file upload_15.pdb (PDB, C-alpha atoms)
ATOM      1  CA  MET C1157    -121.506  44.926 -39.693  1.00  0.00           C
ATOM      2  CA  VAL C1158    -119.340  45.300 -42.792  1.00  0.00           C
ATOM      3  CA  GLN C1159    -116.708  42.603 -43.347  1.00  0.00           C
ATOM      4  CA  ARG C1160    -113.351  44.112 -44.314  1.00  0.00           C
ATOM      5  CA  PRO C1161    -111.089  42.110 -46.649  1.00  0.00           C
ATOM      6  CA  ARG C1162    -107.941  40.626 -45.159  1.00  0.00           C
ATOM      7  CA  ARG C1163    -104.675  42.389 -45.887  1.00  0.00           C
ATOM      8  CA  LEU C1164    -101.565  40.340 -46.612  1.00  0.00           C
ATOM      9  CA  GLN C1165     -98.322  40.334 -44.629  1.00  0.00           C
ATOM     10  CA  VAL C1166     -95.192  38.211 -44.914  1.00  0.00           C
ATOM     11  CA  ALA C1167     -93.271  36.810 -41.950  1.00  0.00           C
ATOM     12  CA  ALA C1168     -89.883  35.207 -41.373  1.00  0.00           C
ATOM     13  CA  LEU C1169     -89.648  32.185 -39.099  1.00  0.00           C
ATOM     14  CA  CYS C1170     -85.922  32.517 -38.411  1.00  0.00           C
ATOM     15  CA  TYR C1171     -84.225  29.381 -37.114  1.00  0.00           C
ATOM     16  CA  ARG C1172     -80.936  27.624 -36.557  1.00  0.00           C
ATOM     17  CA  ASP C1173     -80.140  23.987 -35.854  1.00  0.00           C
ATOM     18  CA  SER C1174     -77.375  22.757 -33.563  1.00  0.00           C
ATOM     19  CA  ASP C1175     -76.477  19.695 -31.533  1.00  0.00           C
ATOM     20  CA  LYS C1176     -78.704  21.170 -28.798  1.00  0.00           C
ATOM     21  CA  GLY C1177     -81.724  21.201 -31.101  1.00  0.00           C
ATOM     22  CA  ARG C1178     -83.631  23.722 -33.153  1.00  0.00           C
ATOM     23  CA  LYS C1179     -83.996  27.310 -31.979  1.00  0.00           C
ATOM     24  CA  VAL C1180     -86.201  30.030 -33.417  1.00  0.00           C
ATOM     25  CA  LEU C1181     -85.662  33.770 -33.177  1.00  0.00           C
ATOM     26  CA  VAL C1182     -88.430  35.882 -31.669  1.00  0.00           C
ATOM     27  CA  VAL C1183     -88.495  39.667 -31.367  1.00  0.00           C
ATOM     28  CA  THR C1184     -90.623  42.142 -29.473  1.00  0.00           C
ATOM     29  CA  SER C1185     -93.131  44.285 -31.320  1.00  0.00           C
ATOM     30  CA  ARG C1186     -92.472  48.014 -31.304  1.00  0.00           C
ATOM     31  CA  GLY C1187     -95.945  49.000 -30.156  1.00  0.00           C
ATOM     32  CA  THR C1188     -96.874  46.572 -27.394  1.00  0.00           C
ATOM     33  CA  GLY C1189     -93.620  44.752 -26.630  1.00  0.00           C
ATOM     34  CA  ARG C1190     -95.278  41.373 -27.286  1.00  0.00           C
ATOM     35  CA  TRP C1191     -93.139  38.522 -28.635  1.00  0.00           C
ATOM     36  CA  ILE C1192     -93.620  37.995 -32.375  1.00  0.00           C
ATOM     37  CA  ILE C1193     -91.725  36.779 -35.423  1.00  0.00           C
ATOM     38  CA  PRO C1194     -90.467  39.405 -37.904  1.00  0.00           C
ATOM     39  CA  LYS C1195     -93.206  40.403 -40.324  1.00  0.00           C
ATOM     40  CA  GLY C1196     -94.344  43.229 -42.537  1.00  0.00           C
ATOM     41  CA  TRP C1197     -96.174  44.275 -45.658  1.00  0.00           C
ATOM     42  CA  PRO C1198     -95.273  43.009 -49.144  1.00  0.00           C
ATOM     43  CA  MET C1199     -92.724  45.155 -50.986  1.00  0.00           C
ATOM     44  CA  ARG C1200     -92.976  46.404 -54.549  1.00  0.00           C
ATOM     45  CA  GLY C1201     -90.441  44.658 -56.763  1.00  0.00           C
ATOM     46  CA  LYS C1202     -89.821  41.792 -54.310  1.00  0.00           C
ATOM     47  CA  GLY C1203     -91.426  38.387 -54.040  1.00  0.00           C
ATOM     48  CA  SER C1204     -93.012  37.378 -50.732  1.00  0.00           C
ATOM     49  CA  ALA C1205     -90.016  35.282 -49.636  1.00  0.00           C
ATOM     50  CA  GLU C1206     -87.615  38.144 -50.470  1.00  0.00           C
ATOM     51  CA  ALA C1207     -89.766  40.585 -48.486  1.00  0.00           C
ATOM     52  CA  ALA C1208     -89.699  38.178 -45.514  1.00  0.00           C
ATOM     53  CA  LEU C1209     -85.872  38.226 -45.665  1.00  0.00           C
ATOM     54  CA  VAL C1210     -85.919  42.040 -45.598  1.00  0.00           C
ATOM     55  CA  GLU C1211     -88.158  41.960 -42.495  1.00  0.00           C
ATOM     56  CA  ALA C1212     -85.781  39.449 -40.867  1.00  0.00           C
ATOM     57  CA  TRP C1213     -82.925  41.921 -41.420  1.00  0.00           C
ATOM     58  CA  GLU C1214     -84.768  45.064 -40.310  1.00  0.00           C
ATOM     59  CA  GLU C1215     -86.484  43.609 -37.232  1.00  0.00           C
ATOM     60  CA  ALA C1216     -84.116  40.839 -36.091  1.00  0.00           C
ATOM     61  CA  GLY C1217     -80.704  41.543 -37.629  1.00  0.00           C
ATOM     62  CA  VAL C1218     -80.535  38.479 -39.873  1.00  0.00           C
ATOM     63  CA  ARG C1219     -77.680  39.606 -42.132  1.00  0.00           C
ATOM     64  CA  ARG C1220     -77.601  36.380 -44.142  1.00  0.00           C
ATOM     65  CA  GLY C1221     -80.330  33.781 -44.364  1.00  0.00           C
ATOM     66  CA  GLU C1222     -81.772  31.197 -46.718  1.00  0.00           C
ATOM     67  CA  THR C1223     -85.457  30.732 -47.437  1.00  0.00           C
ATOM     68  CA  GLN C1224     -87.650  28.995 -49.963  1.00  0.00           C
ATOM     69  CA  LYS C1225     -90.152  30.311 -52.498  1.00  0.00           C
ATOM     70  CA  ASP C1226     -93.174  28.694 -50.853  1.00  0.00           C
ATOM     71  CA  PRO C1227     -94.458  29.562 -47.374  1.00  0.00           C
ATOM     72  CA  LEU C1228     -94.282  27.069 -44.518  1.00  0.00           C
ATOM     73  CA  GLY C1229     -97.810  28.050 -43.540  1.00  0.00           C
ATOM     74  CA  GLN C1230     -99.940  31.027 -42.623  1.00  0.00           C
ATOM     75  CA  TYR C1231    -101.779  32.562 -39.715  1.00  0.00           C
ATOM     76  CA  ARG C1232    -104.451  35.190 -39.238  1.00  0.00           C
ATOM     77  CA  TYR C1233    -104.737  37.971 -36.716  1.00  0.00           C
ATOM     78  CA  PHE C1234    -106.258  41.425 -36.274  1.00  0.00           C
ATOM     79  CA  LYS C1235    -103.915  44.403 -36.476  1.00  0.00           C
ATOM     80  CA  THR C1236    -105.198  47.473 -34.674  1.00  0.00           C
ATOM     81  CA  LYS C1237    -104.497  50.530 -36.786  1.00  0.00           C
ATOM     82  CA  SER C1238    -103.911  54.055 -35.461  1.00  0.00           C
ATOM     83  CA  MET C1239    -107.599  54.846 -35.986  1.00  0.00           C
ATOM     84  CA  GLY C1240    -108.447  52.054 -33.526  1.00  0.00           C
ATOM     85  CA  TRP C1241    -110.208  49.743 -35.993  1.00  0.00           C
ATOM     86  CA  PRO C1242    -108.952  46.146 -36.110  1.00  0.00           C
ATOM     87  CA  GLN C1243    -107.766  45.177 -39.607  1.00  0.00           C
ATOM     88  CA  PRO C1244    -107.902  41.453 -40.484  1.00  0.00           C
ATOM     89  CA  VAL C1245    -104.496  40.279 -41.710  1.00  0.00           C
ATOM     90  CA  GLU C1246    -103.423  37.035 -43.396  1.00  0.00           C
ATOM     91  CA  THR C1247     -99.703  36.369 -42.789  1.00  0.00           C
ATOM     92  CA  LEU C1248     -97.629  34.036 -44.963  1.00  0.00           C
ATOM     93  CA  VAL C1249     -94.767  32.479 -42.977  1.00  0.00           C
ATOM     94  CA  PHE C1250     -91.456  31.698 -44.683  1.00  0.00           C
ATOM     95  CA  PRO C1251     -88.781  29.634 -42.918  1.00  0.00           C
ATOM     96  CA  VAL C1252     -85.426  31.457 -42.825  1.00  0.00           C
ATOM     97  CA  LYS C1253     -82.308  29.458 -41.993  1.00  0.00           C
ATOM     98  CA  VAL C1254     -80.065  32.008 -40.286  1.00  0.00           C
ATOM     99  CA  LYS C1255     -76.483  32.043 -41.568  1.00  0.00           C
ATOM    100  CA  GLU C1256     -75.306  35.296 -39.940  1.00  0.00           C
ATOM    101  CA  LEU C1257     -76.783  37.573 -37.269  1.00  0.00           C
ATOM    102  CA  ALA C1258     -75.719  41.208 -36.820  1.00  0.00           C
ATOM    103  CA  ASP C1259     -75.597  43.171 -33.565  1.00  0.00           C
ATOM    104  CA  GLU C1260     -76.461  46.429 -35.333  1.00  0.00           C
ATOM    105  CA  PHE C1261     -79.525  46.484 -37.597  1.00  0.00           C
ATOM    106  CA  PRO C1262     -82.231  49.040 -38.467  1.00  0.00           C
ATOM    107  CA  GLU C1263     -84.573  48.340 -35.505  1.00  0.00           C
ATOM    108  CA  ALA C1264     -81.990  47.142 -32.964  1.00  0.00           C
ATOM    109  CA  HIS C1265     -82.785  49.975 -30.540  1.00  0.00           C
ATOM    110  CA  GLU C1266     -86.554  49.420 -30.802  1.00  0.00           C
ATOM    111  CA  ARG C1267     -86.779  45.658 -30.251  1.00  0.00           C
ATOM    112  CA  ASN C1268     -85.444  42.837 -28.110  1.00  0.00           C
ATOM    113  CA  ARG C1269     -84.687  39.452 -29.621  1.00  0.00           C
ATOM    114  CA  LYS C1270     -83.947  36.001 -28.273  1.00  0.00           C
ATOM    115  CA  TRP C1271     -83.401  32.436 -29.403  1.00  0.00           C
ATOM    116  CA  VAL C1272     -85.849  29.924 -27.927  1.00  0.00           C
ATOM    117  CA  SER C1273     -87.123  26.447 -28.695  1.00  0.00           C
ATOM    118  CA  PRO C1274     -90.141  26.286 -31.025  1.00  0.00           C
ATOM    119  CA  GLU C1275     -92.262  25.167 -28.038  1.00  0.00           C
ATOM    120  CA  GLU C1276     -91.147  28.149 -25.934  1.00  0.00           C
ATOM    121  CA  ALA C1277     -91.797  30.473 -28.881  1.00  0.00           C
ATOM    122  CA  ALA C1278     -95.309  29.022 -29.166  1.00  0.00           C
ATOM    123  CA  ASN C1279     -95.865  29.827 -25.493  1.00  0.00           C
ATOM    124  CA  LEU C1280     -94.638  33.417 -25.995  1.00  0.00           C
ATOM    125  CA  VAL C1281     -96.713  34.474 -29.015  1.00  0.00           C
ATOM    126  CA  HIS C1282    -100.421  35.267 -28.809  1.00  0.00           C
ATOM    127  CA  GLU C1283    -101.802  34.228 -32.206  1.00  0.00           C
ATOM    128  CA  PRO C1284    -103.328  30.693 -31.984  1.00  0.00           C
ATOM    129  CA  GLU C1285    -102.473  29.681 -35.568  1.00  0.00           C
ATOM    130  CA  LEU C1286     -98.884  30.903 -35.158  1.00  0.00           C
ATOM    131  CA  LYS C1287     -98.650  28.859 -31.950  1.00  0.00           C
ATOM    132  CA  GLU C1288     -99.652  25.767 -33.965  1.00  0.00           C
ATOM    133  CA  LEU C1289     -97.110  26.510 -36.703  1.00  0.00           C
ATOM    134  CA  LEU C1290     -94.317  26.887 -34.145  1.00  0.00           C
ATOM    135  CA  ARG C1291     -95.210  23.694 -32.305  1.00  0.00           C
ATOM    136  CA  ALA C1292     -95.168  21.756 -35.583  1.00  0.00           C
ATOM    137  CA  PHE C1293     -91.837  23.262 -36.708  1.00  0.00           C
TER     138      PHE C1293
END

call {"tool": "encode", "arguments": {"input": "upload_15.pdb", "output": "structure tokens"}}
result
Amino acid sequence: MVQRPRRLQVAALCYRDSDKGRKVLVVTSRGTGRWIIPKGWPMRGKGSAEAALVEAWEEAGVRRGETQKDPLGQYRYFKTKSMGWPQPVETLVFPVKVKELADEFPEAHERNRKWVSPEEAANLVHEPELKELLRAF
């Protein structure tokens, strides 16, 4: 069997801290409705962290957020393409401290979102390495 090279995606681990503890923002995927964190392909003319901020806006409505240049971690998964073949993907995860959340955003009518504890988020997502990242966050 031929080994296909991994493609790269960037993801935003959106969070906020309060006196009730840390919460992370999860969204549903458009295709399957599974709980995920916002992610997408790198964008020409933008660094990986900037692209993660764009995904946070488009998929979760993060109007203003702060991130850092270096990823918090990474996880791997297989993305099933329209042709049915699983594509291996390496996803760099950037923490995004949410400063402002909008009710209207590009994919608002295609996704649900909710704030949960990192532990609850880990229980909602399917990717084992992402579960580990969330539990350690």

call {"tool": "resolve_selection", "arguments": {"input": "upload_15.pdb", "expression": "the PyMOL selection byres ((chain C and resi 1215) around 8)", "output": "number ranges by chain"}}
result
C: 1183, 1194, 1211-1214, 1216-1217, 1261-1264, 1267

call {"tool": "resolve_selection", "arguments": {"input": "upload_15.pdb", "expression": "the PyMOL selection byres ((chain C and resi 1279) around 12)", "output": "JSON list (two decimals) with C-alpha atoms, in the frame of the given file"}}
result
[["chain", "number", "residue", "atom", "x", "y", "z"],
["C", 1182, "VAL", "CA", -88.43, 35.88, -31.67],
["C", 1190, "ARG", "CA", -95.28, 41.37, -27.29],
["C", 1191, "TRP", "CA", -93.14, 38.52, -28.64],
["C", 1192, "ILE", "CA", -93.62, 37.99, -32.38],
["C", 1272, "VAL", "CA", -85.85, 29.92, -27.93],
["C", 1273, "SER", "CA", -87.12, 26.45, -28.70],
["C", 1274, "PRO", "CA", -90.14, 26.29, -31.02],
["C", 1275, "GLU", "CA", -92.26, 25.17, -28.04],
["C", 1276, "GLU", "CA", -91.15, 28.15, -25.93],
["C", 1277, "ALA", "CA", -91.80, 30.47, -28.88],
["C", 1278, "ALA", "CA", -95.31, 29.02, -29.17],
["C", 1280, "LEU", "CA", -94.64, 33.42, -26.00],
["C", 1281, "VAL", "CA", -96.71, 34.47, -29.02],
["C", 1282, "HIS", "CA", -100.42, 35.27, -28.81],
["C", 1283, "GLU", "CA", -101.80, 34.23, -32.21],
["C", 1284, "PRO", "CA", -103.33, 30.69, -31.98],
["C", 1286, "LEU", "CA", -98.88, 30.90, -35.16],
["C", 1287, "LYS", "CA", -98.65, 28.86, -31.95],
["C", 1288, "GLU", "CA", -99.65, 25.77, -33.97],
["C", 1289, "LEU", "CA", -97.11, 26.51, -36.70],
["C", 1290, "LEU", "CA", -94.32, 26.89, -34.15],
["C", 1291, "ARG", "CA", -95.21, 23.69, -32.30]]

call {"tool": "atom_distance", "arguments": {"input": "upload_15.pdb", "atom1": "atom CA of C:Ser1204", "atom2": "atom CA of C:Met1239"}}
result
27.1 Å

call {"tool": "closest_residue", "arguments": {"input": "upload_15.pdb", "among": "C:Arg1172, C:Arg1178, C:Lys1195, C:Lys1253", "to": "C:Tyr1231", "atoms": "all atoms listed in the file"}}
result
C:Lys1195

call {"tool": "closest_residue", "arguments": {"input": "upload_15.pdb", "among": "C:Gly1187, C:Gly1177, C:Gly1221, C:Gly1196", "to": "C:Val1249", "atoms": "only C-alpha atoms"}}
result
C:Gly1196

call {"tool": "atom_distance", "arguments": {"input": "upload_15.pdb", "atom1": "atom CA of C:Leu1181", "atom2": "atom CA of C:Lys1202"}}
result
23.0 Å

call {"tool": "residues_near_point", "arguments": {"input": "upload_15.pdb", "point": "(-97.9, 32.9, -46.0)", "cutoff": "12 Å", "atoms": "only C-alpha atoms", "output": "PyMOL selection string"}}
result
chain C and resi 1163-1169+1195-1198+1203-1205+1207-1208+1224-1232+1245-1251+1285-1286+1289

call {"tool": "resolve_selection", "arguments": {"input": "upload_15.pdb", "expression": "the PyMOL selection byres ((chain C and resi 1220) around 7)", "output": "PyMOL selection string"}}
result
chain C and resi 1218-1219+1221+1254-1256

call {"tool": "atom_distance", "arguments": {"input": "upload_15.pdb", "atom1": "atom CA of C:Ala1292", "atom2": "atom CA of C:Thr1184"}}
result
21.8 Å

call {"tool": "axis_aligned_box", "arguments": {"input": "upload_15.pdb", "around": "stretch 1228-1243 of chain C", "padding_each_side": "8 Å", "output": "AutoDock Vina command-line options"}}
result
--center_x -102.2 --center_y 41.0 --center_z -39.0 --size_x 31.9 --size_y 43.8 --size_z 27.0
